[in-house]
Structures are given as structure tokens and as C-alpha cells.
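To keep things clear, I will list the structure first and then write my remarks on it.
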Amino acid sequence: MNPLVQSENSVKETTSLALAMGIGAAAAMPAHGATTSFEIDPSHTWVFYEIVHFGTSTNRGRLPVKIGTVQLDAQSRTGKVDVTIDTTAPASGVPALDKMMQGERLFRSNEFPVARFVAGEVRFEADKPVELKGELTLLGATHPVTLKSLRYNCYNHALLKRDVCGGDFETTIQRSRWGMGWGVQIVADEVRLLIQVEAVKQEN
């Protein structure tokens with residue numbers, strides 16, 4: 001065969017293959033406006049708290065997240081978040097303080113073993129969520145809370161072979177609004193919450 005003809009055939013075959021791969025990849029992508037669902041990864045999701053002690057140093061600790069779901073639609077700029085927080089396992093680094101936090105003065109964990117944050121309004125900048133407006137239920141009381149994003153990104157998990165999205169979010173609340181007013185002369189009423197979250201994309 002003429003080398004020139006052979007070369008032209010090779011180019012045509014390569015082009016056809018590339019076109020087929022492109023069509024296949026496009027078919028695998030979710031349609032515009034489709035909602036993407038995620039499930040929270042509890043091993044990479046925590047609620048950290050910061051609270052000032054006697055106006056001096058900052059006491060820090062964390063609470064685990066038990067379960068959670070996230071639904072995002074970057075095209076229509078909508079989303080929903082539902083996260084359940086475990087109040088029975090505070091981790092301050094001081095066992096005696098952890099036990100006190102579980103007790104009647106603060107979390108009352110026997111009666112209220114979980115707290116819950118539900119957001120139905122998500123504000124986007126470009127294709128990234130930057131603000132979550134929702135409600136926090138704690139000790140049987142529910143009040144509005146807005147989380148703001150410090151960072152957000154997605155990556156492909158090498159072991160799960162799935163996309164994982166997450167970031168850091170923050171807010172500041174007054175604990176007394178939820179009936180947790182004990183000890184405000186010792187530690188501040190204002191509590192800064194820092195939420196570290198990663199969530200795994202679910203198959204359609």
C-alpha cells in the first residue's frame with residue numbers, strides 16, 4: 001500500500017476512535033441540571049468547636065458526624081444538606097471535661113444523643129457552594145444557622161474509584177439559644193464551629 005494512503009487511513013482511524021471516546025465520555029456525564037447525590041464520609045467529617053475560657057485561652061474539641069447526605073445541582077445552583085452529629089462522644093482531650101459535656105449541664109446526651117443540621121438553601125459562586133443556610137436542632141430546640149465556606153474542592157478517590165467533594169465550613173453560634181447556657185461566666189456563650197466534611201458521590 002502507498003505509504004501516503006496508509007498514513008491517511010491511520011489518521012482517519014485515530015480521529016474516529018477519538019470521536020467515539022468523546023461521545024462515550026459525554027454520555028457518561030450527568031445531564032445539565034441533574035442533581036448529584038453524596039453521602040458523608042464519617043472518617044473525614046467532624047465538627048470542631050472553639051470557645052474562649054475565662055476570656056483567656058481558647059478551648060477546642062470536636063464532635064463526630066454519624067451520617068449525612070448532600071445533594072447539589074451546580075447548574076440550577078440548588079442543593080440540600082442533612083447531617084446528624086453525635087453528641088455522646090465529645091473529644092476535648094480531657095476525659096473529665098468530656099464526661100461533663102455529656103451530662104445534664106451541657107449536651108444531656110442521654111436524652112439528646114444527636115444534633116442535626118439541615119440546609120435547604122445553598123448559595124453558589126461559579127460551580128462551588130459558598131454558603132449553606134439551614135437550621136440546627138440541638139437539645140430539642142431549632143434555630144437558623146448559616147455556614148460559610150472556607151474552601152471547597154473535589155477529587156477522584158484512588159481506592160473508591162469515585163469522586164469525593166468536600167471542604168471546610170464555619171459559623172458562630174450562641175449556645176444559650178439552644179438552652180445550653182450553663183457556665184457562661186466560665187466559658188463564652190459564643191462558640192465558633194468549624195466543620196470539616198468530605199462526601200462520596202453516589203452512583204445514579
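Identifiers in this document derive from the order of the C-alpha cells: chains are assigned A, B, ..., residues are numbered from 1 separately in each chain, and ligands are numbered from 1 in order of occurrence.
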
Just the residues within 7 Å of segment 150-155 of chain A, please, counting only C-alpha atoms, with nothing from its chain fewer than 2 positions along; format it as a VMD selection string. chain A and resid 128 148 157 163 to 169

As a PyMOL selection string, please: every residue in chain A that DSSP puts in strand (DSSP E or B). chain A and resi 36-40+46-53+57-73+78-86+91+114-125+128-138+141-157+162-174+187+190-201

Minimum-distance residue to Trp46 of chain A, chosen among A:Ala34, A:Ser76, A:Thr142, A:Leu194 (using only C-alpha atoms): A:Leu194

Based on DSSP run over this structure's backbone, return all residues of segment 126-185 of chain A in helix (DSSP H, G or I), as a ChimeraX atom specification. /A:175-178

Who sits within 12 Å of Leu160 of chain A, only C-alpha atoms, same chain under 4 positions skipped, as an MDAnalysis selection string: chainID A and resid 41 155:156 164 199:203

Name the closest residue to Gly68 of chain A among the candidates A:Gly55, A:Pro42, A:Pro144, A:Pro90; distances are taken between atoms, counting only C-alpha atoms.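 Checking each candidate against Gly68 of chain A, we get A:Pro42 as the closest.
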
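For Asp98 of chain A, the set of protein, DNA and RNA residues having any atom at most 12 Å away, when counting only C-alpha atoms and skipping those fewer than 2 positions along the same chain, is A:Arg60, A:Gly61, A:Arg62, A:Leu63, A:Thr87, A:Thr88, A:Ala89, A:Pro90, A:Ala91, A:Ser92, A:Gly93, A:Val94, A:Pro95, A:Ala96, A:Met100, A:Met101, A:Gln102, A:Gly103, A:Arg105, A:Leu106, A:Phe107, A:Arg108, A:Ser109.
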
Near Lys80 of chain A, counting only C-alpha atoms, which residues have an atom at most 7 Å away, once you skip same-chain residues fewer than 3 positions from it, shown as a list in words? Val70, Gln71, Leu72, Ala119, Gly120 and Glu121 of chain A

Please identify all polymer residues within 12 Å of Asp189 of chain A, counting only C-alpha atoms, omitting same-chain residues fewer than 3 positions from it, and present them as JSON, numbers by chain. {"A": [50, 51, 52, 53, 54, 55, 172, 173, 174, 175, 176, 177, 178, 179, 180, 181, 182, 183, 184, 185, 186, 192]}

Using only C-alpha atoms: which of A:Ile195, A:Thr171, A:Pro129, A:Leu97 has the shortest distance to Ile85 of chain A: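 Among the listed residues, A:Ile195 lies closest to Ile85 of chain A.
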